[in-house]
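The structure appears right after this line, and notes come after that.
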Amino acid sequence: QVQLVESGGGLVQAGGSLRLSCAASGRTSSRNTMGWFRQAPGKEREFVAAISWSNSRTFTWYADSVKDRFTISRDNAKITVYLQMNSLKPDDTAVYYCAAVYTIATVSNSDEYDYWGQGTQVTVSS
């Protein structure tokens, strides 16, 4: 089992920044891909970003809507994944979820992730 705990959400004005953290514990060797998803009220959960690592190589993916504004990274020593969010827009308002899986075919497919955090609220005011 892997436990994921998100933090760092909050209220920010448009144009501002937030950094979300996802701390992993448990069988952390059971995942080599972690992703961020978000869900706004009345909308389906959508992919935001993902990071995979293997043999000292790291790969990242982003949704078009956040590319060039958000950056996903990881601190292997702390077993933590971060989502740096800059130039935030009101449309970014959502509950942000961290997810993890050992192997995955499509990083943007939420159904393929095995472990999920409880979510953290991000609200961007205009």
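Residue names in the structure tokens use chain letters A, B, ... in the order shown, residue numbers from 1 in each chain, and ligand numbers from 1 in the order shown.
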Distance query A:Ile79 at most 12 Å, only C-alpha atoms, self and fewer than 2 positions along chain excluded, as a PyMOL selection string: chain A and resi 2-5+21-29+31-34+73-77+81-82+100
Considering only C-alpha atoms, return as JSON, numbers by chain whatever protein or nucleic-acid residues lie within 9 Å of A:Leu18, sequence-local ones (same chain, fewer than 3 positions apart) excluded. {"A": [8, 9, 10, 11, 12, 83, 84, 85, 86, 88, 122]}
Neighbours of A:Gln39 within 6 Å (only C-alpha atoms; same-chain residues fewer than 3 positions away dropped), as a list in words?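 Result of the neighbour search: Glu44, Arg45, Ala94 and Val95 of chain A.
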Store the residues of this selection in a file with all heavy atoms, as a CSV table (one decimal), in the first residue's frame.
```
chain,number,residue,atom,x,y,z
A,44,GLU,N,-15.7,16.8,-14.6
A,44,GLU,CA,-15.0,15.5,-14.4
A,44,GLU,C,-13.6,15.8,-14.0
A,44,GLU,O,-13.0,16.9,-14.3
A,44,GLU,CB,-15.1,14.7,-15.7
A,44,GLU,CG,-16.5,14.3,-16.1
A,44,GLU,CD,-16.5,13.3,-17.2
A,44,GLU,OE1,-15.4,13.0,-17.8
A,44,GLU,OE2,-17.5,12.7,-17.5
A,45,ARG,N,-13.0,14.8,-13.4
A,45,ARG,CA,-11.6,14.9,-13.0
A,45,ARG,C,-10.8,15.0,-14.2
A,45,ARG,O,-11.0,14.2,-15.2
A,45,ARG,CB,-11.2,13.7,-12.1
A,45,ARG,CG,-9.9,13.8,-11.5
A,45,ARG,CD,-9.7,12.7,-10.5
A,45,ARG,NE,-10.6,12.8,-9.4
A,45,ARG,CZ,-10.5,12.0,-8.3
A,45,ARG,NH1,-9.6,11.1,-8.2
A,45,ARG,NH2,-11.4,12.1,-7.3
A,94,ALA,N,-10.0,24.3,-8.3
A,94,ALA,CA,-10.4,22.9,-8.3
A,94,ALA,C,-9.9,22.3,-7.0
A,94,ALA,O,-9.0,22.8,-6.3
A,94,ALA,CB,-9.9,22.2,-9.5
A,95,VAL,N,-10.3,21.0,-6.8
A,95,VAL,CA,-9.6,20.2,-5.8
A,95,VAL,C,-8.5,19.4,-6.6
A,95,VAL,O,-8.8,18.8,-7.6
A,95,VAL,CB,-10.6,19.2,-5.1
A,95,VAL,CG1,-9.8,18.3,-4.2
A,95,VAL,CG2,-11.7,20.0,-4.4
```
Considering only strand (DSSP E) as DSSP defines it on the backbone, what residues of stretch 15-112 of chain A qualify? List them as a ChimeraX atom specification. /A:18-26,33-39,46-54,57-62,70-75,80-85,94-101
Those same residues - N, CA and C atoms - I'd like them written as a short mmCIF file (atom, residue, chain, number, x, y, z; two decimals), in the first residue's frame.
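So the final result, stored in again.cif, reads:
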```cif
data_model
loop_
_atom_site.label_atom_id
_atom_site.label_comp_id
_atom_site.auth_asym_id
_atom_site.auth_seq_id
_atom_site.Cartn_x
_atom_site.Cartn_y
_atom_site.Cartn_z
N LEU A 18 1.19 29.06 -6.33
CA LEU A 18 1.09 28.12 -5.21
C LEU A 18 1.97 26.92 -5.53
N ARG A 19 2.45 26.26 -4.49
CA ARG A 19 3.17 25.01 -4.70
C ARG A 19 2.48 23.91 -3.90
N LEU A 20 2.03 22.91 -4.59
CA LEU A 20 1.41 21.76 -3.96
C LEU A 20 2.48 20.69 -3.71
N SER A 21 2.31 19.98 -2.61
CA SER A 21 3.20 18.88 -2.28
C SER A 21 2.39 17.60 -2.12
N CYS A 22 3.01 16.50 -2.48
CA CYS A 22 2.40 15.20 -2.29
C CYS A 22 3.44 14.30 -1.65
N ALA A 23 3.24 14.00 -0.38
CA ALA A 23 4.18 13.15 0.35
C ALA A 23 3.71 11.71 0.30
N ALA A 24 4.61 10.83 -0.08
CA ALA A 24 4.27 9.41 -0.20
C ALA A 24 4.89 8.62 0.95
N SER A 25 4.18 7.63 1.41
CA SER A 25 4.69 6.73 2.44
C SER A 25 4.14 5.33 2.17
N GLY A 26 4.70 4.36 2.89
CA GLY A 26 4.28 2.98 2.66
C GLY A 26 5.21 2.32 1.67
N THR A 33 5.46 6.28 -11.11
CA THR A 33 4.78 7.37 -11.79
C THR A 33 3.83 8.02 -10.80
N MET A 34 3.88 9.34 -10.75
CA MET A 34 2.95 10.09 -9.93
C MET A 34 2.35 11.20 -10.75
N GLY A 35 1.10 11.45 -10.51
CA GLY A 35 0.41 12.45 -11.31
C GLY A 35 -0.43 13.36 -10.45
N TRP A 36 -0.76 14.49 -11.03
CA TRP A 36 -1.69 15.43 -10.42
C TRP A 36 -2.93 15.51 -11.32
N PHE A 37 -4.07 15.43 -10.68
CA PHE A 37 -5.34 15.61 -11.35
C PHE A 37 -6.13 16.68 -10.60
N ARG A 38 -7.14 17.21 -11.24
CA ARG A 38 -7.98 18.20 -10.55
C ARG A 38 -9.43 18.01 -10.95
N GLN A 39 -10.29 18.42 -10.06
CA GLN A 39 -11.72 18.32 -10.32
C GLN A 39 -12.41 19.57 -9.81
N GLU A 46 -9.78 15.84 -14.26
CA GLU A 46 -8.94 15.99 -15.43
C GLU A 46 -7.46 15.93 -15.07
N PHE A 47 -6.70 15.47 -16.02
CA PHE A 47 -5.25 15.34 -15.87
C PHE A 47 -4.60 16.72 -15.86
N VAL A 48 -3.62 16.88 -14.99
CA VAL A 48 -2.86 18.13 -14.93
C VAL A 48 -1.40 17.90 -15.33
N ALA A 49 -0.73 16.99 -14.64
CA ALA A 49 0.68 16.74 -14.92
C ALA A 49 1.07 15.39 -14.34
N ALA A 50 2.17 14.83 -14.84
CA ALA A 50 2.66 13.56 -14.33
C ALA A 50 4.17 13.52 -14.45
N ILE A 51 4.78 12.70 -13.60
CA ILE A 51 6.22 12.51 -13.63
C ILE A 51 6.52 11.04 -13.44
N SER A 52 7.43 10.52 -14.26
CA SER A 52 7.86 9.12 -14.16
C SER A 52 9.37 9.07 -14.07
N TRP A 53 9.89 8.05 -13.41
CA TRP A 53 11.32 7.93 -13.30
C TRP A 53 11.73 6.46 -13.43
N SER A 54 12.86 6.24 -14.06
CA SER A 54 13.37 4.90 -14.26
C SER A 54 14.84 4.99 -14.65
N ARG A 57 16.49 8.27 -15.11
CA ARG A 57 15.89 9.17 -16.07
C ARG A 57 14.50 9.58 -15.57
N THR A 58 14.17 10.84 -15.82
CA THR A 58 12.88 11.38 -15.39
C THR A 58 12.14 11.95 -16.59
N PHE A 59 10.83 11.69 -16.62
CA PHE A 59 10.00 12.17 -17.72
C PHE A 59 8.82 12.92 -17.13
N THR A 60 8.40 13.97 -17.81
CA THR A 60 7.25 14.74 -17.34
C THR A 60 6.26 14.97 -18.48
N TRP A 61 5.00 15.10 -18.10
CA TRP A 61 3.92 15.39 -19.04
C TRP A 61 3.01 16.45 -18.44
N TYR A 62 2.40 17.25 -19.31
CA TYR A 62 1.51 18.31 -18.86
C TYR A 62 0.27 18.38 -19.75
N PHE A 70 2.72 25.48 -15.10
CA PHE A 70 2.91 24.55 -13.99
C PHE A 70 4.18 23.72 -14.22
N THR A 71 4.81 23.34 -13.13
CA THR A 71 5.98 22.48 -13.21
C THR A 71 5.87 21.38 -12.17
N ILE A 72 6.02 20.15 -12.61
CA ILE A 72 6.01 19.01 -11.70
C ILE A 72 7.45 18.57 -11.46
N SER A 73 7.75 18.23 -10.22
CA SER A 73 9.09 17.80 -9.88
C SER A 73 9.02 16.84 -8.70
N ARG A 74 10.15 16.23 -8.38
CA ARG A 74 10.14 15.30 -7.26
C ARG A 74 11.42 15.44 -6.45
N ASP A 75 11.30 15.13 -5.19
CA ASP A 75 12.44 15.08 -4.28
C ASP A 75 12.53 13.63 -3.83
N THR A 80 8.69 12.90 -2.20
CA THR A 80 7.66 13.91 -2.36
C THR A 80 7.66 14.42 -3.79
N VAL A 81 6.45 14.63 -4.29
CA VAL A 81 6.29 15.23 -5.61
C VAL A 81 5.64 16.60 -5.44
N TYR A 82 6.11 17.55 -6.23
CA TYR A 82 5.62 18.92 -6.11
C TYR A 82 4.93 19.35 -7.41
N LEU A 83 4.03 20.28 -7.27
CA LEU A 83 3.43 20.93 -8.43
C LEU A 83 3.51 22.43 -8.20
N GLN A 84 4.45 23.06 -8.89
CA GLN A 84 4.59 24.50 -8.81
C GLN A 84 3.63 25.12 -9.81
N MET A 85 2.73 25.95 -9.32
CA MET A 85 1.71 26.55 -10.17
C MET A 85 1.90 28.05 -10.21
N ALA A 94 -10.03 24.31 -8.31
CA ALA A 94 -10.44 22.91 -8.28
C ALA A 94 -9.86 22.25 -7.03
N VAL A 95 -10.30 21.03 -6.77
CA VAL A 95 -9.62 20.19 -5.80
C VAL A 95 -8.54 19.43 -6.57
N TYR A 96 -7.33 19.51 -6.09
CA TYR A 96 -6.19 18.87 -6.75
C TYR A 96 -5.85 17.58 -6.01
N TYR A 97 -5.72 16.52 -6.80
CA TYR A 97 -5.44 15.20 -6.25
C TYR A 97 -4.09 14.69 -6.76
N CYS A 98 -3.38 14.06 -5.88
CA CYS A 98 -2.15 13.37 -6.22
C CYS A 98 -2.46 11.89 -6.40
N ALA A 99 -1.81 11.26 -7.36
CA ALA A 99 -2.04 9.84 -7.62
C ALA A 99 -0.72 9.15 -7.93
N ALA A 100 -0.68 7.84 -7.71
CA ALA A 100 0.55 7.09 -7.93
C ALA A 100 0.24 5.71 -8.49
N VAL A 101 1.21 5.19 -9.25
CA VAL A 101 1.07 3.85 -9.81
C VAL A 101 2.47 3.33 -10.13
#
```
Atom-to-atom span, atom CA of A:Thr93 and atom CA of A:Gln118, Å: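 Straight-line distance from atom CA of A:Thr93 to atom CA of A:Gln118 works out to 16.4 Å.
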